[in-house]
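Structure data (CSV, C-alpha atoms (C1' of nucleotides)) from final-v7.csv:
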```
chain,number,residue,atom,x,y,z
Z,1,MET,CA,30.0,-5.2,11.0
Z,2,ARG,CA,31.0,-8.8,10.5
Z,3,ALA,CA,31.8,-10.1,7.1
Z,4,ASP,CA,29.0,-12.7,7.1
Z,5,ALA,CA,26.5,-10.1,8.2
Z,6,ARG,CA,27.4,-7.8,5.3
Z,7,ARG,CA,27.2,-10.7,2.9
Z,8,ASN,CA,23.8,-11.7,4.1
Z,9,ARG,CA,22.6,-8.1,4.0
Z,10,GLU,CA,23.6,-7.9,0.3
Z,11,LEU,CA,21.9,-11.2,-0.4
Z,12,MET,CA,18.7,-10.0,1.2
Z,13,VAL,CA,18.6,-6.7,-0.7
Z,14,ALA,CA,19.2,-8.5,-4.0
Z,15,ALA,CA,16.5,-11.0,-3.2
Z,16,ALA,CA,14.1,-8.2,-2.2
Z,17,ALA,CA,14.8,-6.4,-5.4
Z,18,GLU,CA,14.0,-9.5,-7.3
Z,19,VAL,CA,10.8,-10.4,-5.5
Z,20,VAL,CA,9.5,-6.9,-5.4
Z,21,ALA,CA,10.0,-6.6,-9.2
Z,22,GLU,CA,7.9,-9.7,-9.6
Z,23,GLN,CA,5.2,-9.2,-7.0
Z,24,GLY,CA,5.3,-5.6,-5.9
Z,25,ALA,CA,6.0,-4.0,-2.6
Z,26,GLU,CA,3.5,-6.1,-0.7
Z,27,ALA,CA,5.5,-9.2,-1.3
Z,28,SER,CA,6.0,-11.6,1.7
Z,29,LEU,CA,9.1,-10.8,3.7
Z,30,GLU,CA,9.4,-14.5,4.4
Z,31,GLU,CA,9.5,-15.2,0.7
Z,32,ILE,CA,12.3,-12.7,0.4
Z,33,ALA,CA,14.2,-14.3,3.3
Z,34,ARG,CA,13.6,-17.7,1.8
Z,35,ARG,CA,15.0,-16.7,-1.6
Z,36,ALA,CA,18.0,-15.0,0.0
Z,37,GLY,CA,18.7,-18.3,1.8
Z,38,VAL,CA,18.4,-16.8,5.3
Z,39,GLY,CA,15.9,-17.2,8.2
Z,40,SER,CA,13.1,-14.7,8.5
Z,41,ALA,CA,14.5,-13.6,11.9
Z,42,THR,CA,17.7,-12.5,10.2
Z,43,LEU,CA,15.8,-10.3,7.8
Z,44,HIS,CA,13.8,-8.8,10.6
Z,45,ARG,CA,16.9,-8.1,12.6
Z,46,HIS,CA,18.7,-6.4,9.8
Z,47,PHE,CA,15.7,-4.3,8.7
Z,48,GLY,CA,13.3,-3.2,11.4
Z,49,GLY,CA,10.3,-3.4,9.0
Z,50,ARG,CA,9.3,-3.6,5.4
Z,51,VAL,CA,10.0,0.1,4.7
Z,52,ALA,CA,13.6,-0.1,5.7
Z,53,LEU,CA,14.2,-3.0,3.4
Z,54,LEU,CA,12.5,-1.2,0.5
Z,55,GLU,CA,14.6,1.8,1.2
Z,56,ALA,CA,17.7,-0.3,0.9
Z,57,VAL,CA,16.5,-1.7,-2.4
Z,58,PHE,CA,15.7,1.7,-3.7
Z,59,GLU,CA,19.0,3.1,-2.5
Z,60,SER,CA,20.9,0.4,-4.3
Z,61,SER,CA,19.2,1.4,-7.5
Z,62,ILE,CA,19.7,5.1,-7.3
Z,63,ALA,CA,23.3,5.5,-8.4
Z,64,GLY,CA,22.3,5.6,-12.0
Z,65,VAL,CA,19.7,8.4,-11.5
Z,66,CYS,CA,22.2,10.6,-9.6
Z,67,ALA,CA,24.9,10.0,-12.2
Z,68,ARG,CA,22.4,11.0,-14.9
Z,69,ALA,CA,21.8,14.3,-13.1
Z,70,GLU,CA,25.5,14.9,-13.0
Z,71,GLU,CA,25.8,14.4,-16.7
Z,72,LEU,CA,22.9,16.7,-17.4
Z,73,ARG,CA,24.5,19.5,-15.4
Z,74,ASP,CA,26.3,20.8,-18.5
Z,75,HIS,CA,23.4,20.4,-20.9
Z,76,PRO,CA,23.0,23.7,-22.9
Z,77,GLU,CA,19.2,23.8,-22.3
Z,78,PRO,CA,18.5,23.9,-18.6
Z,79,LEU,CA,14.8,23.2,-19.0
Z,80,GLN,CA,15.3,20.4,-21.3
Z,81,ALA,CA,17.9,18.9,-19.0
Z,82,LEU,CA,15.4,19.0,-16.1
Z,83,THR,CA,12.7,17.5,-18.3
Z,84,ILE,CA,14.9,14.7,-19.4
Z,85,TRP,CA,15.9,13.9,-15.9
Z,86,LEU,CA,12.3,14.0,-14.6
Z,87,HIS,CA,11.3,11.6,-17.3
Z,88,GLY,CA,14.2,9.3,-16.3
Z,89,MET,CA,13.0,9.5,-12.7
Z,90,VAL,CA,9.4,8.6,-13.6
Z,91,GLY,CA,10.6,5.7,-15.7
Z,92,HIS,CA,12.9,4.5,-12.9
Z,93,ILE,CA,10.1,4.6,-10.4
Z,94,ALA,CA,7.8,2.8,-12.7
Z,95,THR,CA,10.6,0.2,-13.2
Z,96,VAL,CA,10.8,-0.6,-9.6
Z,97,HIS,CA,7.1,-0.6,-9.5
Z,98,GLY,CA,5.4,-1.0,-6.2
Z,99,LEU,CA,8.1,0.7,-4.2
Z,100,GLY,CA,6.3,4.0,-4.6
Z,101,PRO,CA,3.8,4.0,-1.7
Z,102,ALA,CA,6.3,3.0,0.9
Z,103,LEU,CA,8.7,5.6,-0.4
Z,104,VAL,CA,6.2,8.4,0.0
Z,105,MET,CA,6.2,7.6,3.6
Z,106,SER,CA,9.9,7.3,3.9
Z,107,ALA,CA,10.3,10.7,2.3
Z,108,GLU,CA,8.5,12.2,5.2
Z,109,HIS,CA,11.1,10.5,7.5
Z,110,GLY,CA,13.8,12.2,5.5
Z,111,SER,CA,15.5,9.0,4.4
Z,112,GLN,CA,19.1,9.1,3.2
Z,113,CYS,CA,18.4,8.2,-0.4
Z,114,HIS,CA,15.7,11.0,-0.7
Z,115,VAL,CA,18.2,13.5,0.4
Z,116,ARG,CA,20.6,12.4,-2.3
Z,117,ILE,CA,18.0,12.5,-5.0
Z,118,ARG,CA,16.8,15.8,-3.8
Z,119,SER,CA,20.2,17.5,-4.0
Z,120,ALA,CA,20.8,15.9,-7.4
Z,121,GLY,CA,17.5,17.3,-8.7
Z,122,ARG,CA,17.8,20.7,-7.1
Z,123,LEU,CA,20.8,21.4,-9.2
Z,124,LEU,CA,18.9,20.9,-12.4
Z,125,LEU,CA,15.8,22.7,-11.1
Z,126,GLU,CA,17.8,25.8,-10.0
Z,127,ARG,CA,19.5,26.0,-13.4
Z,128,ALA,CA,16.2,26.0,-15.1
Z,129,GLN,CA,14.9,28.6,-12.7
Z,130,ALA,CA,18.0,30.9,-13.2
Z,131,ASP,CA,17.2,30.5,-16.9
Z,132,GLY,CA,13.7,31.8,-16.4
Z,133,SER,CA,12.1,28.6,-17.7
Z,134,VAL,CA,10.6,27.6,-14.4
Z,135,PRO,CA,9.0,30.0,-11.9
Z,136,ALA,CA,11.1,30.6,-8.8
Z,137,ASP,CA,8.4,29.4,-6.4
Z,138,VAL,CA,8.6,25.8,-7.6
Z,139,ASP,CA,10.2,23.7,-5.0
Z,140,ILE,CA,12.3,20.6,-5.5
Z,141,SER,CA,10.3,18.7,-2.8
Z,142,ASP,CA,7.1,19.6,-4.6
Z,143,LEU,CA,8.6,18.5,-7.9
Z,144,LEU,CA,9.7,15.1,-6.5
Z,145,THR,CA,6.5,14.5,-4.7
Z,146,LEU,CA,4.6,15.3,-7.9
Z,147,ILE,CA,6.6,12.9,-10.1
Z,148,ASN,CA,6.2,10.3,-7.4
Z,149,GLY,CA,2.5,10.9,-7.6
Z,150,VAL,CA,2.5,10.6,-11.3
Z,151,ALA,CA,4.5,7.4,-11.2
Z,152,LEU,CA,2.2,6.1,-8.5
Z,153,ALA,CA,-1.0,6.9,-10.3
Z,154,SER,CA,0.2,5.4,-13.5
Z,155,GLY,CA,0.9,2.0,-12.1
Z,156,GLN,CA,3.4,0.1,-14.2
Z,157,ASP,CA,2.5,1.9,-17.4
Z,158,ALA,CA,5.7,3.8,-18.1
Z,159,ASP,CA,4.3,5.4,-21.3
Z,160,ARG,CA,1.3,6.7,-19.5
Z,161,ALA,CA,3.5,8.1,-16.7
Z,162,GLY,CA,5.7,9.9,-19.3
Z,163,HIS,CA,2.6,11.4,-20.9
Z,164,LEU,CA,1.2,12.6,-17.6
Z,165,LEU,CA,4.6,14.1,-16.8
Z,166,ASP,CA,4.5,16.1,-20.0
Z,167,LEU,CA,1.1,17.4,-18.9
Z,168,VAL,CA,2.4,18.4,-15.6
Z,169,ILE,CA,5.4,20.2,-17.0
Z,170,ARG,CA,3.4,22.1,-19.6
Z,171,GLY,CA,0.5,22.6,-17.2
Z,172,ILE,CA,-3.2,21.9,-17.5
Z,173,ALA,CA,-4.0,25.5,-18.2
Z,174,PRO,CA,-0.7,26.9,-19.5
Z,175,ALA,CA,-2.0,30.3,-20.7
Z,176,GLN,CA,-3.0,31.4,-17.2
Z,177,ALA,CA,-0.5,32.4,-14.5
U,1,MET,CA,-32.3,-8.7,-1.4
U,2,ARG,CA,-33.6,-9.3,2.1
U,3,ALA,CA,-34.2,-6.4,4.4
U,4,ASP,CA,-31.7,-7.6,7.0
U,5,ALA,CA,-29.0,-8.1,4.3
U,6,ARG,CA,-29.5,-4.6,3.1
U,7,ARG,CA,-29.3,-3.3,6.7
U,8,ASN,CA,-26.1,-5.1,7.3
U,9,ARG,CA,-24.6,-3.9,4.1
U,10,GLU,CA,-25.2,-0.3,5.1
U,11,LEU,CA,-23.8,-1.0,8.6
U,12,MET,CA,-20.6,-2.4,7.0
U,13,VAL,CA,-20.1,0.4,4.6
U,14,ALA,CA,-20.6,2.9,7.4
U,15,ALA,CA,-18.2,1.0,9.7
U,16,ALA,CA,-15.7,0.8,6.8
U,17,ALA,CA,-15.8,4.5,6.2
U,18,GLU,CA,-15.2,5.1,9.8
U,19,VAL,CA,-12.3,2.7,10.2
U,20,VAL,CA,-10.6,3.6,6.9
U,21,ALA,CA,-10.8,7.3,7.9
U,22,GLU,CA,-8.9,6.4,11.1
U,23,GLN,CA,-6.5,3.8,9.9
U,24,GLY,CA,-6.2,4.0,6.1
U,25,ALA,CA,-7.1,1.5,3.4
U,26,GLU,CA,-5.0,-1.3,4.9
U,27,ALA,CA,-7.3,-1.5,7.9
U,28,SER,CA,-8.3,-5.0,9.1
U,29,LEU,CA,-11.5,-6.3,7.5
U,30,GLU,CA,-12.2,-8.1,10.7
U,31,GLU,CA,-12.0,-4.9,12.7
U,32,ILE,CA,-14.5,-3.4,10.2
U,33,ALA,CA,-16.8,-6.4,10.6
U,34,ARG,CA,-16.4,-6.2,14.4
U,35,ARG,CA,-17.3,-2.5,14.5
U,36,ALA,CA,-20.3,-3.1,12.2
U,37,GLY,CA,-21.5,-5.8,14.6
U,38,VAL,CA,-21.5,-8.6,12.0
U,39,GLY,CA,-19.3,-11.7,11.6
U,40,SER,CA,-16.4,-11.5,9.3
U,41,ALA,CA,-17.9,-14.1,7.1
U,42,THR,CA,-20.8,-11.8,6.4
U,43,LEU,CA,-18.5,-9.1,5.3
U,44,HIS,CA,-16.6,-11.4,3.0
U,45,ARG,CA,-19.8,-12.7,1.5
U,46,HIS,CA,-21.1,-9.3,0.7
U,47,PHE,CA,-17.9,-7.9,-0.7
U,48,GLY,CA,-15.6,-10.4,-2.4
U,49,GLY,CA,-12.5,-8.6,-1.3
U,50,ARG,CA,-11.2,-5.4,0.1
U,51,VAL,CA,-11.4,-3.5,-3.1
U,52,ALA,CA,-15.1,-4.0,-3.5
U,53,LEU,CA,-15.7,-2.8,0.0
U,54,LEU,CA,-13.6,0.3,-0.5
U,55,GLU,CA,-15.4,1.0,-3.8
U,56,ALA,CA,-18.7,0.9,-1.9
U,57,VAL,CA,-17.4,3.3,0.7
U,58,PHE,CA,-16.1,5.6,-2.0
U,59,GLU,CA,-19.4,5.4,-4.0
U,60,SER,CA,-21.4,6.4,-0.9
U,61,SER,CA,-19.3,9.5,-0.6
U,62,ILE,CA,-19.4,10.6,-4.2
U,63,ALA,CA,-22.8,12.2,-4.4
U,64,GLY,CA,-21.5,15.5,-3.1
U,65,VAL,CA,-18.7,15.7,-5.6
U,66,CYS,CA,-21.0,15.0,-8.6
U,67,ALA,CA,-23.5,17.5,-7.3
U,68,ARG,CA,-20.8,20.1,-7.1
U,69,ALA,CA,-19.9,19.5,-10.7
U,70,GLU,CA,-23.5,20.1,-11.6
U,71,GLU,CA,-23.6,23.4,-9.8
U,72,LEU,CA,-20.3,24.5,-11.4
U,73,ARG,CA,-21.8,23.9,-14.9
U,74,ASP,CA,-23.1,27.4,-15.0
U,75,HIS,CA,-20.1,29.2,-13.5
U,76,PRO,CA,-19.2,32.1,-15.8
U,77,GLU,CA,-15.5,31.2,-15.9
U,78,PRO,CA,-15.1,27.7,-17.2
U,79,LEU,CA,-11.4,27.3,-16.2
U,80,GLN,CA,-12.1,28.6,-12.7
U,81,ALA,CA,-15.0,26.2,-12.5
U,82,LEU,CA,-12.8,23.3,-13.4
U,83,THR,CA,-10.1,24.4,-11.0
U,84,ILE,CA,-12.5,24.7,-8.1
U,85,TRP,CA,-13.9,21.3,-8.9
U,86,LEU,CA,-10.4,19.7,-9.1
U,87,HIS,CA,-9.5,21.2,-5.8
U,88,GLY,CA,-12.7,19.8,-4.3
U,89,MET,CA,-11.8,16.4,-5.7
U,90,VAL,CA,-8.3,16.4,-4.3
U,91,GLY,CA,-9.6,17.6,-0.9
U,92,HIS,CA,-12.2,14.8,-1.0
U,93,ILE,CA,-9.7,12.2,-1.9
U,94,ALA,CA,-7.4,13.4,0.9
U,95,THR,CA,-10.4,13.3,3.3
U,96,VAL,CA,-11.0,9.6,2.6
U,97,HIS,CA,-7.3,9.1,2.8
U,98,GLY,CA,-5.9,5.8,2.0
U,99,LEU,CA,-8.6,4.8,-0.4
U,100,GLY,CA,-6.4,6.1,-3.2
U,101,PRO,CA,-4.2,3.2,-4.1
U,102,ALA,CA,-7.1,0.7,-4.2
U,103,LEU,CA,-9.1,3.1,-6.4
U,104,VAL,CA,-6.3,3.4,-9.0
U,105,MET,CA,-6.7,-0.3,-9.4
U,106,SER,CA,-10.4,-0.2,-9.6
U,107,ALA,CA,-10.2,2.6,-12.2
U,108,GLU,CA,-8.6,0.1,-14.4
U,109,HIS,CA,-11.5,-2.2,-13.9
U,110,GLY,CA,-13.8,0.5,-15.0
U,111,SER,CA,-15.8,0.6,-11.8
U,112,GLN,CA,-19.2,2.3,-11.7
U,113,CYS,CA,-18.3,5.2,-9.5
U,114,HIS,CA,-15.3,6.2,-11.7
U,115,VAL,CA,-17.6,6.3,-14.7
U,116,ARG,CA,-19.8,8.7,-12.9
U,117,ILE,CA,-17.0,11.0,-11.7
U,118,ARG,CA,-15.5,10.9,-15.2
U,119,SER,CA,-18.7,12.1,-16.9
U,120,ALA,CA,-19.2,14.8,-14.2
U,121,GLY,CA,-15.7,16.1,-14.8
U,122,ARG,CA,-15.7,15.8,-18.5
U,123,LEU,CA,-18.4,18.4,-18.7
U,124,LEU,CA,-16.3,21.0,-16.8
U,125,LEU,CA,-13.2,20.1,-18.8
U,126,GLU,CA,-14.9,20.4,-22.1
U,127,ARG,CA,-16.3,23.8,-21.2
U,128,ALA,CA,-12.8,25.0,-20.3
U,129,GLN,CA,-11.4,23.6,-23.6
U,130,ALA,CA,-14.1,25.2,-25.7
U,131,ASP,CA,-13.2,28.4,-23.9
U,132,GLY,CA,-9.5,27.9,-25.0
U,133,SER,CA,-8.2,27.9,-21.4
U,134,VAL,CA,-7.2,24.3,-21.6
U,135,PRO,CA,-5.5,22.6,-24.6
U,136,ALA,CA,-7.7,20.2,-26.6
U,137,ASP,CA,-5.4,17.3,-26.1
U,138,VAL,CA,-5.9,17.1,-22.3
U,139,ASP,CA,-8.0,14.1,-21.5
U,140,ILE,CA,-10.4,13.7,-18.6
U,141,SER,CA,-8.9,10.3,-17.7
U,142,ASP,CA,-5.4,11.9,-17.6
U,143,LEU,CA,-6.8,14.6,-15.5
U,144,LEU,CA,-8.4,12.3,-13.0
U,145,THR,CA,-5.4,10.0,-12.8
U,146,LEU,CA,-3.2,13.1,-12.2
U,147,ILE,CA,-5.2,14.4,-9.3
U,148,ASN,CA,-5.4,11.0,-7.9
U,149,GLY,CA,-1.6,10.9,-8.0
U,150,VAL,CA,-1.4,14.3,-6.4
U,151,ALA,CA,-3.7,13.3,-3.6
U,152,LEU,CA,-1.8,10.0,-3.3
U,153,ALA,CA,1.6,11.5,-3.1
U,154,SER,CA,0.5,14.1,-0.6
U,155,GLY,CA,-0.7,11.6,2.0
U,156,GLN,CA,-3.2,13.2,4.4
U,157,ASP,CA,-1.9,16.7,3.9
U,158,ALA,CA,-4.7,18.4,2.2
U,159,ASP,CA,-3.0,21.8,2.0
U,160,ARG,CA,0.0,20.3,0.3
U,161,ALA,CA,-2.3,18.5,-2.1
U,162,GLY,CA,-3.9,21.8,-3.0
U,163,HIS,CA,-0.6,23.4,-3.5
U,164,LEU,CA,0.6,20.6,-5.8
U,165,LEU,CA,-2.6,20.8,-7.8
U,166,ASP,CA,-2.0,24.5,-8.4
U,167,LEU,CA,1.4,23.6,-9.7
U,168,VAL,CA,0.0,21.0,-12.0
U,169,ILE,CA,-2.7,23.4,-13.4
U,170,ARG,CA,-0.2,26.2,-13.9
U,171,GLY,CA,2.5,23.8,-15.1
U,172,ILE,CA,6.1,23.4,-14.1
U,173,ALA,CA,7.3,25.3,-17.1
U,174,PRO,CA,4.3,27.4,-18.1
U,175,ALA,CA,6.2,29.6,-20.6
U,176,GLN,CA,6.9,26.7,-23.0
U,177,ALA,CA,4.4,24.8,-25.1
T,1,DA,C1',47.7,-21.6,17.8
T,2,DG,C1',44.0,-21.6,21.1
T,3,DA,C1',40.8,-19.5,24.3
T,4,DA,C1',37.6,-15.9,25.3
T,5,DT,C1',34.1,-13.0,23.6
T,6,DA,C1',30.9,-10.7,21.2
T,7,DA,C1',28.2,-10.7,17.0
T,8,DG,C1',25.3,-13.3,14.1
T,9,DT,C1',22.0,-17.0,13.1
T,10,DG,C1',17.6,-19.6,12.3
T,11,DG,C1',14.1,-23.0,14.3
T,12,DG,C1',10.1,-22.5,16.3
T,13,DG,C1',6.5,-19.9,18.9
T,14,DT,C1',2.8,-16.1,19.2
T,15,DG,C1',-0.9,-13.5,17.7
T,16,DG,C1',-3.4,-11.6,14.0
T,17,DC,C1',-5.2,-11.8,9.5
T,18,DA,C1',-8.0,-13.1,5.1
T,19,DC,C1',-11.0,-16.2,3.7
T,20,DC,C1',-14.2,-20.3,3.8
T,21,DC,C1',-17.4,-24.1,5.5
T,22,DC,C1',-21.7,-25.4,7.5
T,23,DG,C1',-25.3,-26.0,10.9
T,24,DG,C1',-28.6,-22.9,12.9
T,25,DT,C1',-31.7,-18.7,12.1
T,26,DT,C1',-34.9,-15.6,10.0
T,27,DA,C1',-37.4,-12.9,6.5
T,28,DA,C1',-40.6,-13.5,2.8
T,29,DC,C1',-44.2,-15.6,0.5
T,30,DT,C1',-48.4,-18.8,0.3
P,1,DA,C1',-49.0,-21.1,10.3
P,2,DG,C1',-45.9,-23.6,7.4
P,3,DT,C1',-42.5,-23.8,3.7
P,4,DT,C1',-38.5,-22.3,1.6
P,5,DA,C1',-34.6,-20.0,0.4
P,6,DA,C1',-31.7,-16.5,1.7
P,7,DC,C1',-28.8,-15.0,5.3
P,8,DC,C1',-26.1,-15.4,9.4
P,9,DG,C1',-21.8,-16.0,12.3
P,10,DG,C1',-18.8,-19.4,15.2
P,11,DG,C1',-15.0,-21.6,14.3
P,12,DG,C1',-11.4,-23.7,11.2
P,13,DT,C1',-7.3,-23.3,7.9
P,14,DG,C1',-3.2,-21.6,6.2
P,15,DC,C1',-0.2,-17.6,5.8
P,16,DC,C1',2.1,-13.8,7.6
P,17,DA,C1',5.0,-10.3,10.6
P,18,DC,C1',7.6,-10.3,14.3
P,19,DC,C1',10.2,-12.2,18.5
P,20,DC,C1',12.8,-15.3,21.8
P,21,DC,C1',16.7,-18.0,22.7
P,22,DA,C1',19.9,-21.8,22.3
P,23,DC,C1',23.5,-22.5,19.0
P,24,DT,C1',27.2,-21.2,15.7
P,25,DT,C1',31.0,-18.5,14.0
P,26,DA,C1',34.1,-14.4,13.0
P,27,DT,C1',37.2,-11.7,15.5
P,28,DT,C1',40.5,-10.5,18.9
P,29,DC,C1',43.8,-11.1,22.5
P,30,DT,C1',47.5,-13.6,24.7
```
Go ahead and express the file in the form of structure tokens.
Amino acid sequence: MRADARRNRELMVAAAAEVVAEQGAEASLEEIARRAGVGSATLHRHFGGRVALLEAVFESSIAGVCARAEELRDHPEPLQALTIWLHGMVGHIATVHGLGPALVMSAEHGSQCHVRIRSAGRLLLERAQADGSVPADVDISDLLTLINGVALASGQDADRAGHLLDLVIRGIAPAQA
Amino acid sequence: MRADARRNRELMVAAAAEVVAEQGAEASLEEIARRAGVGSATLHRHFGGRVALLEAVFESSIAGVCARAEELRDHPEPLQALTIWLHGMVGHIATVHGLGPALVMSAEHGSQCHVRIRSAGRLLLERAQADGSVPADVDISDLLTLINGVALASGQDADRAGHLLDLVIRGIAPAQA
DNA sequence: AGAATAAGTGGGGTGGCACCCCGGTTAACT
DNA sequence: AGTTAACCGGGGTGCCACCCCACTTATTCT
């Protein structure tokens, strides 16, 4: 990959992050190209479609989430560690609001960044399961899909998302199995 | 309202339901108008924008859901009644797939149909709470937003949506309060 | 260093979309 | 039957995603 191409790619991802944060995931790709200072053709050549671009944006913002999972590995309370991490995830998704819908789709295509999040989260989930706090039949994919849904349905309201997540963790009808 | 206007309105809602079921909520409004056999201007005059049209579609498909809530009023097991109804809701949302995102927005605008669903569901929820099956701090709005999120995140996969709903009802970490 | 080459670029074109204007049409009422 | 006001849809505008192709530029080889 040529140096200028890489530089342009980074400009575009940065511009996309900026515009998406302002206008949501439906923002005009031309506007993004304009703000990155490149032609729209360049953007379309680098990223086949909108989804690929959004994935790149998301990917560039994931490092922190994965690092946080790493830190929480050694938390004395596995369930609490998982809970904290899930809250962080929901908050993160709400922060990059609007990316959500596109990412549900990309999850089905097994995108790279989802694999990374999944393995980061699996660690915490399995610790909580070994501990007996979480039933063994809970799957990391289900969990991630669920928090995605929570973040999605809450729009940009991070507090509401956090509250709904608490509900999900505790359960609507916790007394029953 | 003139007879022809009403007739056209019904044609458009029917066409919209059809096209949305096929292509999702992002379907072309012109395609909908085309299939309804009216000009696109007519569609735009009747429904200011896409959301209003989708609301009309959703509204026309709600009667069944509300009726079901009415039936379940007298179910001997309040929690089971609520659970059955929620599953029905998720299935219904999955059926009219793609309407979801638009309806999250319209919920914020307090649309008519949401009010109706809310009051239908509140009945079942309150019965389950009086029974002690569901904690008192669970809110009907939270519940509906949550199942909306579940349906949203599951895409068109109704089985997956049902599974995730079970998880939500039971809770990720049911042992803890 | 300079030439050859392959990768990268963006102006401009195409087709489709949401949304609107306005002259013709038609239902409803007298 | 005649009047009126509501309704209709062809066609226009401006924006968008996406693509083609002649031009530019980094890289490589001698």
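Atom CA of Z:His87 lies 9.6 Å from atom CA of Z:Ala158.
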Between atom CA of U:Met1 and atom C1' of P:DA6, what is the distance in Å, rounded to a tenth?
8.4 Å
Proximity check chain U to chain Z, 7 Å, nearest pairs one decimal Å, only C-alpha atoms, as JSON lines:
```
{"residue": "U:Val104", "atom": "CA", "partner": "Z:Ala153", "partner_atom": "CA", "distance": 6.5}
{"residue": "U:Ser133", "atom": "CA", "partner": "Z:Ala173", "partner_atom": "CA", "distance": 5.8}
{"residue": "U:Val134", "atom": "CA", "partner": "Z:Ala173", "partner_atom": "CA", "distance": 4.8}
{"residue": "U:Asp142", "atom": "CA", "partner": "Z:Leu164", "partner_atom": "CA", "distance": 6.6}
{"residue": "U:Thr145", "atom": "CA", "partner": "Z:Ala153", "partner_atom": "CA", "distance": 5.9}
{"residue": "U:Leu146", "atom": "CA", "partner": "Z:Val150", "partner_atom": "CA", "distance": 6.3}
{"residue": "U:Asn148", "atom": "CA", "partner": "Z:Ala153", "partner_atom": "CA", "distance": 6.5}
{"residue": "U:Gly149", "atom": "CA", "partner": "Z:Gly149", "partner_atom": "CA", "distance": 4.1}
{"residue": "U:Val150", "atom": "CA", "partner": "Z:Gly149", "partner_atom": "CA", "distance": 5.3}
{"residue": "U:Leu152", "atom": "CA", "partner": "Z:Gly149", "partner_atom": "CA", "distance": 6.1}
{"residue": "U:Ala153", "atom": "CA", "partner": "Z:Gly149", "partner_atom": "CA", "distance": 4.6}
{"residue": "U:Leu164", "atom": "CA", "partner": "Z:Asp142", "partner_atom": "CA", "distance": 6.7}
{"residue": "U:Val168", "atom": "CA", "partner": "Z:Val168", "partner_atom": "CA", "distance": 5.0}
{"residue": "U:Ile169", "atom": "CA", "partner": "Z:Ile172", "partner_atom": "CA", "distance": 4.4}
{"residue": "U:Arg170", "atom": "CA", "partner": "Z:Gly171", "partner_atom": "CA", "distance": 4.9}
{"residue": "U:Gly171", "atom": "CA", "partner": "Z:Gly171", "partner_atom": "CA", "distance": 3.1}
{"residue": "U:Ile172", "atom": "CA", "partner": "Z:Ile169", "partner_atom": "CA", "distance": 4.4}
{"residue": "U:Ala173", "atom": "CA", "partner": "Z:Val134", "partner_atom": "CA", "distance": 4.8}
{"residue": "U:Pro174", "atom": "CA", "partner": "Z:Pro174", "partner_atom": "CA", "distance": 5.2}
{"residue": "U:Ala175", "atom": "CA", "partner": "Z:Ser133", "partner_atom": "CA", "distance": 6.6}
{"residue": "U:Gln176", "atom": "CA", "partner": "Z:Arg170", "partner_atom": "CA", "distance": 6.7}
{"residue": "U:Ala177", "atom": "CA", "partner": "Z:Arg170", "partner_atom": "CA", "distance": 6.2}
```
Could you save the residues just selected, with C-alpha atoms, as a tab-separated table (two decimals), keeping the file's coordinate frame?
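Writing done, so here's again_28.tsv:
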```
chain	number	residue	atom	x	y	z
U	104	VAL	CA	-6.30	3.40	-9.00
U	133	SER	CA	-8.20	27.90	-21.40
U	134	VAL	CA	-7.20	24.30	-21.60
U	142	ASP	CA	-5.40	11.90	-17.60
U	145	THR	CA	-5.40	10.00	-12.80
U	146	LEU	CA	-3.20	13.10	-12.20
U	148	ASN	CA	-5.40	11.00	-7.90
U	149	GLY	CA	-1.60	10.90	-8.00
U	150	VAL	CA	-1.40	14.30	-6.40
U	152	LEU	CA	-1.80	10.00	-3.30
U	153	ALA	CA	1.60	11.50	-3.10
U	164	LEU	CA	0.60	20.60	-5.80
U	168	VAL	CA	0.00	21.00	-12.00
U	169	ILE	CA	-2.70	23.40	-13.40
U	170	ARG	CA	-0.20	26.20	-13.90
U	171	GLY	CA	2.50	23.80	-15.10
U	172	ILE	CA	6.10	23.40	-14.10
U	173	ALA	CA	7.30	25.30	-17.10
U	174	PRO	CA	4.30	27.40	-18.10
U	175	ALA	CA	6.20	29.60	-20.60
U	176	GLN	CA	6.90	26.70	-23.00
U	177	ALA	CA	4.40	24.80	-25.10
```
Residues of chain U within 9 Å of chain T: nearest atom pair and distance (Å, one decimal) for each, counting all atoms listed in the file, sorted by chain and number, as a Markdown table?
```
| residue | atom | partner | partner_atom | distance |
| --- | --- | --- | --- | --- |
| U:Arg2 | CA | T:DA27 | C1' | 6.8 |
| U:Ala3 | CA | T:DA27 | C1' | 7.5 |
| U:Asp4 | CA | T:DA27 | C1' | 7.8 |
| U:Ser28 | CA | T:DC17 | C1' | 7.5 |
| U:Leu29 | CA | T:DA18 | C1' | 8.0 |
| U:Glu30 | CA | T:DC17 | C1' | 8.0 |
| U:Ala41 | CA | T:DC20 | C1' | 7.9 |
| U:His44 | CA | T:DC19 | C1' | 7.4 |
```
For the residues in that selection, give me C-alpha atoms as a compact mmCIF listing (two decimals), in the coordinates of the input.
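Below is the file that was written, again_33.txt:
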```txt
# COMPACT_ATOMS: atom_id res chain seq x y z
CA ARG U 2 -33.60 -9.30 2.10
CA ALA U 3 -34.20 -6.40 4.40
CA ASP U 4 -31.70 -7.60 7.00
CA SER U 28 -8.30 -5.00 9.10
CA LEU U 29 -11.50 -6.30 7.50
CA GLU U 30 -12.20 -8.10 10.70
CA ALA U 41 -17.90 -14.10 7.10
CA HIS U 44 -16.60 -11.40 3.00
```
Mind listing whatever residues come within 9 Å of the point (16.0, 8.5, -10.2)? Use all atoms listed in the file, file coordinates, and give them as a PyMOL selection string.
chain Z and resi 61-66+68-69+85-86+88-93+117
